[in-house]
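Below is entry04.txt, holding compact mmCIF, C-alpha atoms and all ligand atoms.
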# COMPACT_ATOMS: atom_id res chain seq x y z
CA MET K 755 6.06 17.43 -5.39
CA SER K 756 7.98 16.33 -8.48
CA ALA K 757 6.43 17.38 -11.79
CA GLU K 758 6.81 13.88 -13.23
CA PRO K 759 3.85 11.57 -12.69
CA VAL K 760 4.62 8.11 -11.31
CA LEU K 761 1.42 6.71 -12.75
CA ALA K 762 -0.34 8.14 -15.79
CA VAL K 763 -3.22 6.63 -17.72
CA GLU K 764 -4.53 7.96 -21.01
CA GLY K 765 -7.78 7.08 -22.76
CA LEU K 766 -8.15 3.91 -20.70
CA LYS K 767 -11.04 1.65 -21.70
CA LYS K 768 -12.31 -1.69 -20.49
CA HIS K 769 -15.25 -3.15 -22.41
CA PHE K 770 -16.35 -6.58 -21.19
CA PRO K 771 -18.00 -8.73 -23.88
CA VAL K 772 -21.52 -10.05 -23.20
CA GLU K 773 -21.81 -13.55 -24.70
CA LYS K 774 -24.96 -15.44 -25.62
CA GLY K 775 -25.92 -18.95 -26.73
CA VAL K 776 -23.89 -22.16 -26.97
CA LEU K 777 -21.56 -20.55 -29.48
CA ARG K 778 -20.97 -17.75 -27.00
CA ARG K 779 -21.56 -15.11 -29.60
CA VAL K 780 -20.63 -11.61 -28.43
CA VAL K 781 -23.90 -9.68 -28.51
CA ALA K 782 -22.90 -6.53 -26.63
CA HIS K 783 -20.23 -4.94 -24.47
CA VAL K 784 -20.37 -3.60 -20.93
CA LYS K 785 -18.40 -0.36 -21.06
CA ALA K 786 -17.08 -0.52 -17.51
CA VAL K 787 -14.33 2.03 -18.18
CA ASP K 788 -14.77 4.24 -21.21
CA GLY K 789 -11.89 6.64 -21.80
CA VAL K 790 -10.34 7.54 -18.45
CA SER K 791 -7.21 9.71 -18.16
CA PHE K 792 -5.33 10.94 -15.10
CA ALA K 793 -1.82 11.28 -13.67
CA ILE K 794 -0.55 10.90 -10.10
CA ARG K 795 2.66 12.42 -8.77
CA PRO K 796 4.90 11.14 -5.97
CA GLY K 797 3.43 11.81 -2.54
CA GLU K 798 -0.02 12.48 -4.00
CA THR K 799 -3.34 10.76 -3.33
CA LEU K 800 -5.82 10.76 -6.19
CA CYS K 801 -9.19 9.45 -5.07
CA LEU K 802 -11.57 7.86 -7.53
CA VAL K 803 -15.15 8.15 -6.28
CA GLY K 804 -18.58 7.29 -7.59
CA GLU K 805 -21.53 5.01 -7.06
CA SER K 806 -21.23 1.24 -7.17
CA GLY K 807 -20.72 0.06 -10.77
CA CYS K 808 -19.21 3.34 -12.05
CA GLY K 809 -15.99 1.55 -13.03
CA LYS K 810 -13.66 2.88 -10.34
CA SER K 811 -12.47 -0.54 -9.10
CA THR K 812 -11.95 -1.68 -12.69
CA VAL K 813 -9.62 1.29 -13.21
CA GLY K 814 -7.60 0.09 -10.19
CA LYS K 815 -7.34 -3.44 -11.61
CA LEU K 816 -6.31 -2.09 -15.02
CA ALA K 817 -3.61 0.11 -13.46
CA MET K 818 -2.27 -2.95 -11.62
CA GLY K 819 -2.21 -4.99 -14.84
CA LEU K 820 -4.57 -7.55 -13.29
CA ILE K 821 -6.91 -7.36 -16.29
CA PRO K 822 -6.04 -6.30 -19.86
CA ALA K 823 -7.22 -2.94 -21.18
CA THR K 824 -9.43 -2.73 -24.26
CA ALA K 825 -7.72 0.54 -25.24
CA GLY K 826 -5.55 3.29 -23.82
CA THR K 827 -2.14 3.39 -22.17
CA ILE K 828 -0.81 2.97 -18.64
CA ARG K 829 2.57 4.49 -17.87
CA LEU K 830 4.58 3.76 -14.77
CA HIS K 831 7.54 6.12 -14.26
CA GLY K 832 7.09 7.14 -17.89
CA THR K 833 7.26 3.59 -19.28
CA ASP K 834 4.29 2.13 -21.12
CA ILE K 835 3.31 -1.03 -19.21
CA THR K 836 0.01 -1.59 -21.03
CA GLY K 837 -0.51 -5.19 -22.07
CA LEU K 838 2.70 -6.55 -20.57
CA SER K 839 2.69 -10.30 -19.92
CA ARG K 840 3.01 -11.62 -16.38
CA THR K 841 6.74 -12.17 -16.88
CA GLN K 842 7.29 -8.78 -18.52
CA MET K 843 5.36 -7.16 -15.66
CA GLN K 844 7.57 -8.83 -13.02
CA PRO K 845 10.15 -6.00 -12.67
CA TRP K 846 7.34 -3.43 -12.45
CA ARG K 847 5.52 -5.35 -9.71
CA LYS K 848 7.95 -3.86 -7.20
CA ARG K 849 6.92 -0.36 -8.19
CA ILE K 850 3.13 -0.78 -7.99
CA GLN K 851 1.32 -2.71 -5.29
CA MET K 852 -2.25 -3.11 -4.12
CA VAL K 853 -4.18 -2.98 -0.85
CA PHE K 854 -7.49 -4.81 -1.08
CA GLN K 855 -10.93 -4.09 0.33
CA ASP K 856 -11.42 -7.19 2.45
CA PRO K 857 -8.31 -7.90 4.53
CA SER K 858 -9.70 -11.28 5.62
CA ALA K 859 -10.11 -12.51 2.05
CA SER K 860 -6.79 -11.11 0.85
CA LEU K 861 -4.61 -12.88 3.44
CA ASN K 862 -3.80 -16.59 3.11
CA PRO K 863 -5.26 -18.12 6.32
CA ARG K 864 -2.61 -20.88 6.31
CA LEU K 865 0.32 -18.45 6.44
CA THR K 866 1.58 -16.68 9.53
CA ALA K 867 1.73 -12.91 9.45
CA GLY K 868 5.51 -13.14 9.02
CA ALA K 869 5.10 -15.41 5.99
CA VAL K 870 2.38 -13.14 4.51
CA VAL K 871 4.61 -10.07 4.70
CA SER K 872 7.82 -11.79 3.59
CA GLU K 873 6.19 -13.60 0.63
CA PRO K 874 6.73 -10.70 -1.82
CA LEU K 875 10.37 -10.46 -0.64
CA GLU K 876 10.88 -14.12 -1.58
CA ASN K 877 9.03 -13.87 -4.89
CA PHE K 878 10.25 -10.52 -6.19
CA GLY K 879 12.76 -8.99 -3.82
CA ASP K 880 16.53 -8.96 -4.02
CA ILE K 881 16.99 -9.12 -0.27
CA PRO K 882 19.15 -12.09 0.90
CA ALA K 883 17.23 -14.77 2.85
CA SER K 884 19.29 -14.00 5.96
CA GLU K 885 17.94 -10.43 6.04
CA ARG K 886 14.30 -11.18 5.25
CA SER K 887 13.29 -11.84 8.84
CA ASP K 888 14.68 -8.50 10.06
CA ARG K 889 13.02 -6.69 7.15
CA THR K 890 9.70 -8.40 7.95
CA VAL K 891 9.86 -7.35 11.62
CA ALA K 892 10.70 -3.80 10.54
CA LEU K 893 7.71 -3.75 8.19
CA LEU K 894 5.36 -5.03 10.90
CA LYS K 895 6.61 -2.33 13.26
CA LYS K 896 6.20 0.28 10.55
CA VAL K 897 2.46 -0.50 10.40
CA GLY K 898 2.06 -0.55 14.17
CA LEU K 899 2.29 -4.31 14.84
CA SER K 900 4.76 -5.86 17.26
CA SER K 901 7.33 -8.50 16.35
CA ASP K 902 5.14 -11.08 18.19
CA ALA K 903 2.74 -10.79 15.28
CA MET K 904 5.26 -12.69 13.11
CA HIS K 905 4.07 -16.06 14.36
CA LYS K 906 0.33 -15.42 14.52
CA TYR K 907 -2.22 -16.45 11.88
CA PRO K 908 -4.64 -13.99 10.24
CA PHE K 909 -7.64 -15.22 12.29
CA GLU K 910 -5.85 -14.05 15.45
CA PHE K 911 -5.95 -10.41 14.29
CA SER K 912 -8.75 -7.84 14.35
CA GLY K 913 -10.03 -6.37 11.06
CA GLY K 914 -7.89 -3.26 11.47
CA GLN K 915 -4.78 -5.32 12.28
CA LYS K 916 -5.39 -7.51 9.21
CA GLN K 917 -5.52 -4.41 7.03
CA ARG K 918 -2.25 -3.24 8.64
CA LEU K 919 -0.79 -6.60 7.56
CA GLY K 920 -2.09 -6.02 4.05
CA ILE K 921 -0.40 -2.62 4.01
CA ALA K 922 2.89 -4.09 5.33
CA ARG K 923 2.81 -6.68 2.53
CA ALA K 924 2.16 -3.96 -0.04
CA LEU K 925 5.12 -1.95 1.33
CA ALA K 926 7.55 -4.88 1.35
CA LEU K 927 9.07 -4.15 -2.06
CA ASN K 928 9.35 -0.36 -1.61
CA PRO K 929 6.71 0.53 -4.21
CA SER K 930 6.23 4.05 -5.49
CA VAL K 931 2.49 3.61 -6.15
CA ILE K 932 -0.16 1.81 -4.13
CA VAL K 933 -3.60 1.12 -5.56
CA ALA K 934 -5.96 0.96 -2.58
CA ASP K 935 -9.41 -0.40 -3.44
CA GLU K 936 -11.90 0.56 -0.70
CA PRO K 937 -9.22 -0.29 1.91
CA VAL K 938 -11.23 0.80 4.94
CA SER K 939 -14.81 0.09 3.89
CA ALA K 940 -14.84 -3.33 5.61
CA LEU K 941 -13.58 -1.84 8.90
CA ASP K 942 -15.44 -0.40 11.88
CA VAL K 943 -15.77 3.38 11.65
CA SER K 944 -13.66 3.73 14.83
CA VAL K 945 -10.77 1.87 13.13
CA GLN K 946 -11.05 3.52 9.72
CA ALA K 947 -9.39 6.78 10.81
CA GLN K 948 -6.45 4.87 12.37
CA VAL K 949 -5.76 3.00 9.13
CA LEU K 950 -6.17 6.16 7.02
CA ASN K 951 -3.78 8.05 9.30
CA LEU K 952 -1.29 5.20 9.04
CA MET K 953 -1.49 5.36 5.23
CA MET K 954 -0.96 9.14 5.34
CA ASP K 955 2.07 8.77 7.65
CA LEU K 956 3.58 6.13 5.35
CA GLN K 957 2.94 8.35 2.35
CA GLU K 958 4.84 11.19 3.97
CA GLU K 959 7.72 8.93 4.99
CA PHE K 960 8.13 7.11 1.67
CA GLY K 961 6.72 9.63 -0.83
CA LEU K 962 4.11 7.08 -1.89
CA ALA K 963 1.52 7.89 -4.53
CA TYR K 964 -1.94 6.47 -3.87
CA LEU K 965 -4.70 5.69 -6.32
CA PHE K 966 -7.43 5.47 -3.70
CA VAL K 967 -10.74 3.97 -4.80
CA SER K 968 -13.71 4.65 -2.55
CA HIS K 969 -17.46 5.23 -2.55
CA ASP K 970 -17.22 7.02 0.83
CA LEU K 971 -16.89 10.80 0.56
CA GLY K 972 -15.99 11.14 4.25
CA VAL K 973 -12.99 8.85 3.72
CA VAL K 974 -12.00 10.64 0.53
CA GLU K 975 -12.19 14.04 2.22
CA HIS K 976 -9.85 12.73 4.92
CA ILE K 977 -7.12 11.29 2.70
CA GLY K 978 -7.42 12.78 -0.81
CA HIS K 979 -5.32 15.52 -2.35
CA ARG K 980 -7.30 15.46 -5.59
CA ILE K 981 -10.66 13.88 -6.25
CA ALA K 982 -11.81 12.37 -9.55
CA VAL K 983 -15.53 11.67 -9.76
CA MET K 984 -16.65 8.83 -12.04
CA TYR K 985 -20.05 8.21 -13.59
CA LEU K 986 -20.81 5.30 -15.92
CA GLY K 987 -17.19 4.57 -16.82
CA ARG K 988 -16.06 8.17 -17.33
CA ILE K 989 -14.49 10.85 -15.16
CA VAL K 990 -16.87 13.82 -14.93
CA GLU K 991 -14.91 16.12 -12.62
CA VAL K 992 -11.38 16.37 -11.19
CA ALA K 993 -10.35 19.00 -8.64
CA ASP K 994 -8.36 19.54 -5.48
CA ARG K 995 -10.12 18.16 -2.44
CA ASP K 996 -10.95 21.52 -0.85
CA ALA K 997 -12.24 22.96 -4.11
CA ILE K 998 -14.48 20.01 -4.86
CA PHE K 999 -16.04 19.87 -1.40
CA ALA K 1000 -16.46 23.66 -1.13
CA ASN K 1001 -17.72 24.21 -4.66
CA PRO K 1002 -18.56 21.09 -6.70
CA ARG K 1003 -19.27 22.11 -10.30
CA HIS K 1004 -20.56 19.04 -12.15
CA PRO K 1005 -24.22 18.34 -11.29
CA TYR K 1006 -23.40 14.72 -10.43
CA THR K 1007 -20.62 15.78 -8.04
CA ARG K 1008 -22.99 18.31 -6.48
CA ALA K 1009 -25.59 15.61 -5.91
CA LEU K 1010 -23.03 13.19 -4.43
CA ILE K 1011 -21.63 15.78 -2.04
CA SER K 1012 -25.03 17.11 -1.04
CA ALA K 1013 -26.08 13.57 -0.07
CA ALA K 1014 -22.99 12.90 2.08
CA PRO K 1015 -23.48 13.17 5.86
CA LEU K 1016 -21.79 16.13 7.59
CA PRO K 1017 -19.71 15.61 10.76
CA ASP K 1018 -21.86 18.22 12.54
CA PRO K 1019 -25.51 17.02 12.43
CA ARG K 1020 -26.75 20.63 12.88
CA ALA K 1021 -24.88 21.80 9.77
CA ARG K 1022 -26.83 22.12 6.52
CA ARG K 1023 -25.82 21.77 2.88
CA GLU K 1024 -27.72 22.78 -0.22
CA LYS K 1025 -29.49 19.60 -1.36
CA LEU K 1026 -29.44 18.44 -4.96
CA VAL K 1027 -31.45 15.26 -5.27
CA ILE K 1028 -31.08 13.14 -8.39
CA GLU K 1029 -33.83 10.75 -9.36
CA GLY K 1030 -33.63 7.29 -10.87
CA ASP K 1031 -31.03 4.56 -11.06
CA VAL K 1032 -27.67 4.53 -12.79
CA PRO K 1033 -28.31 3.38 -16.40
CA SER K 1034 -26.74 0.10 -17.56
CA PRO K 1035 -23.13 0.46 -18.74
CA GLN K 1036 -24.13 -2.04 -21.45
CA ASN K 1037 -26.38 0.57 -22.98
CA PRO K 1038 -25.36 3.99 -21.67
CA PRO K 1039 -27.47 7.00 -22.70
CA PRO K 1040 -26.24 8.95 -25.75
CA GLY K 1041 -24.80 12.43 -25.34
CA CYS K 1042 -23.98 13.19 -21.72
CA HIS K 1043 -24.29 9.87 -19.85
CA PHE K 1044 -25.80 11.78 -16.93
CA HIS K 1045 -28.60 13.50 -18.89
CA THR K 1046 -31.29 10.96 -17.85
CA ARG K 1047 -30.87 12.01 -14.21
CA CYS K 1048 -29.59 15.55 -14.49
CA PRO K 1049 -32.03 18.25 -13.33
CA PHE K 1050 -30.29 20.83 -15.55
CA ALA K 1051 -30.20 18.85 -18.81
CA VAL K 1052 -30.91 20.78 -22.01
CA ALA K 1053 -31.55 19.47 -25.53
CA ARG K 1054 -27.87 19.48 -26.42
CA CYS K 1055 -27.08 17.13 -23.50
CA ARG K 1056 -29.09 14.34 -25.13
CA VAL K 1057 -26.96 14.22 -28.28
CA ASP K 1058 -23.61 15.82 -27.55
CA SER K 1059 -21.17 14.16 -25.14
CA PRO K 1060 -19.36 16.85 -23.10
CA ALA K 1061 -15.56 16.53 -23.09
CA LEU K 1062 -13.63 16.67 -19.82
CA ARG K 1063 -12.12 20.14 -20.13
CA THR K 1064 -10.39 22.74 -17.98
CA LEU K 1065 -12.73 25.33 -16.45
CA LYS K 1066 -11.77 28.91 -15.61
CA ASP K 1067 -10.94 27.96 -12.02
CA GLY K 1068 -8.45 25.33 -13.22
CA ARG K 1069 -10.41 22.18 -12.46
CA LEU K 1070 -11.61 19.64 -15.02
CA ALA K 1071 -15.29 19.02 -15.61
CA ALA K 1072 -17.43 17.43 -18.32
CA CYS K 1073 -20.59 19.53 -18.49
CA HIS K 1074 -21.91 21.78 -21.27
CA LEU K 1075 -23.20 24.34 -18.76
CA GLU K 1076 -19.98 24.90 -16.76
CA ASP K 1077 -17.15 27.16 -17.93
FE1 LIG K 1101 -26.33 17.83 -16.93
FE2 LIG K 1101 -26.06 18.52 -19.48
FE3 LIG K 1101 -24.11 19.03 -17.76
FE4 LIG K 1101 -24.64 16.52 -18.51
S1 LIG K 1101 -23.89 18.17 -19.81
S2 LIG K 1101 -24.23 17.21 -16.45
S3 LIG K 1101 -26.85 16.58 -18.67
S4 LIG K 1101 -26.17 19.91 -17.74
Show this structure as structure tokens.
Amino acid sequence: MSAEPVLAVEGLKKHFPVEKGVLRRVVAHVKAVDGVSFAIRPGETLCLVGESGCGKSTVGKLAMGLIPATAGTIRLHGTDITGLSRTQMQPWRKRIQMVFQDPSASLNPRLTAGAVVSEPLENFGDIPASERSDRTVALLKKVGLSSDAMHKYPFEFSGGQKQRLGIARALALNPSVIVADEPVSALDVSVQAQVLNLMMDLQEEFGLAYLFVSHDLGVVEHIGHRIAVMYLGRIVEVADRDAIFANPRHPYTRALISAAPLPDPRARREKLVIEGDVPSPQNPPPGCHFHTRCPFAVARCRVDSPALRTLKDGRLAACHLED
């Protein structure tokens, strides 16, 4: 892998204002993303995991430039693309593309599959019109669909085939990074592995970097090279996949992994049960955000926010008790 990241974010924040009254006075902020940093290299999959509402999907939207950041920087191939206008973002659109969660909702039902896949080529590509059809057929084949698919409409495809179409559309402009937001969670379990394997094959062929957002640890274990665990808008642990599944260090990661089903129903894992609900990101607890649910919390955790720092084994974790 090249040492240079294709996508790097630093101190990324997204605080949504909460408005009240007819004057729409801002009375608070929802800190959906609160200081997230990571870098992804070519051919690498970084998975962002965490419970619903932890901010992982918002990070994906920020990286894509779909919503503006409150603070922090986003670099694509070393260039700061934070806050670029739609027009300024146009040249970068080719480099970063997205695969959405719900393939049915993300495909225009009035367009044929051929039109869906060739749309980015018309809008952003520099491929002559005469070559677009051949390129579209090649893209469909690349994702395992036949050339007959060109003339079919989205409703004629299964869920897995629709997601293949979504992947073909994302590939059309030869991106270097794909942000995939829960791309298999709407699919039958039997189809999920096929789509994940397709994404892994395409990654190997094109050197793609994936920012893969998922709540499903089984999926993440299948596709991830590194895993970043999020809790209440912050990353609490980052490690290689094997290290994090074999030996999770942050108490929240340990609880998440201990709750995930094992492929072998006879196998047992040490259980770490956490009580209570995720606190509101509008009013997160002081100190360590996790202290209200952490079974190991000490007095310091209630006042002192642990930084995400490198532990002795090389991973990153944000916990006062780990070194
Ligand atoms: Fe638990 Fe304290 Fe570590 Fe936070 S810093 S995870 S509360 S032990």
Practice prompt. Dump the neighbourhood of ligand LIG 1101 (chain K) as a list of chain:residue names: all residues within 9 Å, distances computed on only C-alpha atoms and all ligand atoms.
Written response: K:Val990, K:His1004, K:Pro1005, K:Tyr1006, K:Gly1041, K:Cys1042, K:His1043, K:Phe1044, K:His1045, K:Thr1046, K:Arg1047, K:Cys1048, K:Pro1049, K:Phe1050, K:Ala1051, K:Val1052, K:Ala1053, K:Arg1054, K:Cys1055, K:Arg1056, K:Asp1058, K:Ser1059, K:Pro1060, K:Ala1072, K:Cys1073, K:His1074, K:Leu1075, K:Glu1076
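Considering all atoms listed in the file, the residue among K:Ile989, K:Ala947, K:Ile981, K:Leu861 positioned nearest to K:Gly765 is K:Ile989.
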Worksheet item: With all atoms listed in the file as the atoms that count, which of K:Leu894, K:Met904, K:Ala1014, K:Ile921 lies nearest to K:Leu952?
Response: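 Counting all atoms listed in the file, the residue closest to K:Leu952 is K:Ile921.
Closest approach to K:Phe792 from the set K:Pro929, K:Gly837, K:Gly961, K:Pro759 is made by K:Pro759, with distances taken over only C-alpha atoms.
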Worksheet entry | Atom pair atom CA of K:Phe854 / atom CA of K:Asp942: separation (Å) | 15.8 Å
Worksheet item: Which residue out of K:Val784, K:Ala762, K:Ala883, K:Leu1010 has the minimum interatomic distance to K:Val931 when all atoms listed in the file are used?
Response: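 When distances to K:Val931 are compared using all atoms listed in the file, the smallest one comes from K:Ala762.
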Practice prompt. Go through K:Leu816, K:Ile881, K:Cys808, K:Leu893 one by one, measure the shortest atom-to-atom distance of each to K:Val1032 using all atoms listed in the file, and give the residue with the smallest value.
Written response: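 Among the listed residues, K:Cys808 lies closest to K:Val1032.
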Worksheet item: Pick the closest to K:Val973 from K:Asn951, K:Gln957, K:Ser839, K:Ser858: which is it, counting all atoms listed in the file?
Response: K:Asn951
Padding of 5 Å on every side, edges along x, y and z, all listed atoms of stretch 911-924 of chain K included: what centre and edge lengths in Å, to one decimal, does that box have, as JSON?
{"center_x": -3.6, "center_y": -6.5, "center_z": 7.2, "size_x": 22.9, "size_y": 17.8, "size_z": 24.4}
Practice prompt. Pick out the residues sitting within 8 Å of K:Ala817, and hand them over as a ChimeraX atom specification; count all atoms listed in the file, and ignore anything fewer than 2 positions along from it in its own chain.
Written response: /K:763,813-815,819-820,828,933
Practice prompt. Would you mind reading off the distance between atom CA of K:Glu758 and atom CA of K:Ala793, one decimal, in Å?
Written response: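 Taking atom CA of K:Glu758 as the start and atom CA of K:Ala793 as the end point, the length is 9.0 Å.
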Item to complete: For atom CA of K:Pro1035 and atom CA of K:Thr827, determine how far apart the two atoms are, in Å to one decimal place.
Response: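 Result for atom CA of K:Pro1035 versus atom CA of K:Thr827: 21.5 Å, one decimal.
For K:Gly978, the set of protein, DNA and RNA residues having any atom at most 10 Å away, when counting all atoms listed in the file and skipping those fewer than 2 positions along the same chain, is Glu798, Thr799, Leu800, Cys801, Leu802, Met954, Tyr964, Leu965, Phe966, Leu971, Val973, Val974, Glu975, His976, Arg980, Ile981, Ala982, Asp994, Arg995 and Asp996 of chain K.
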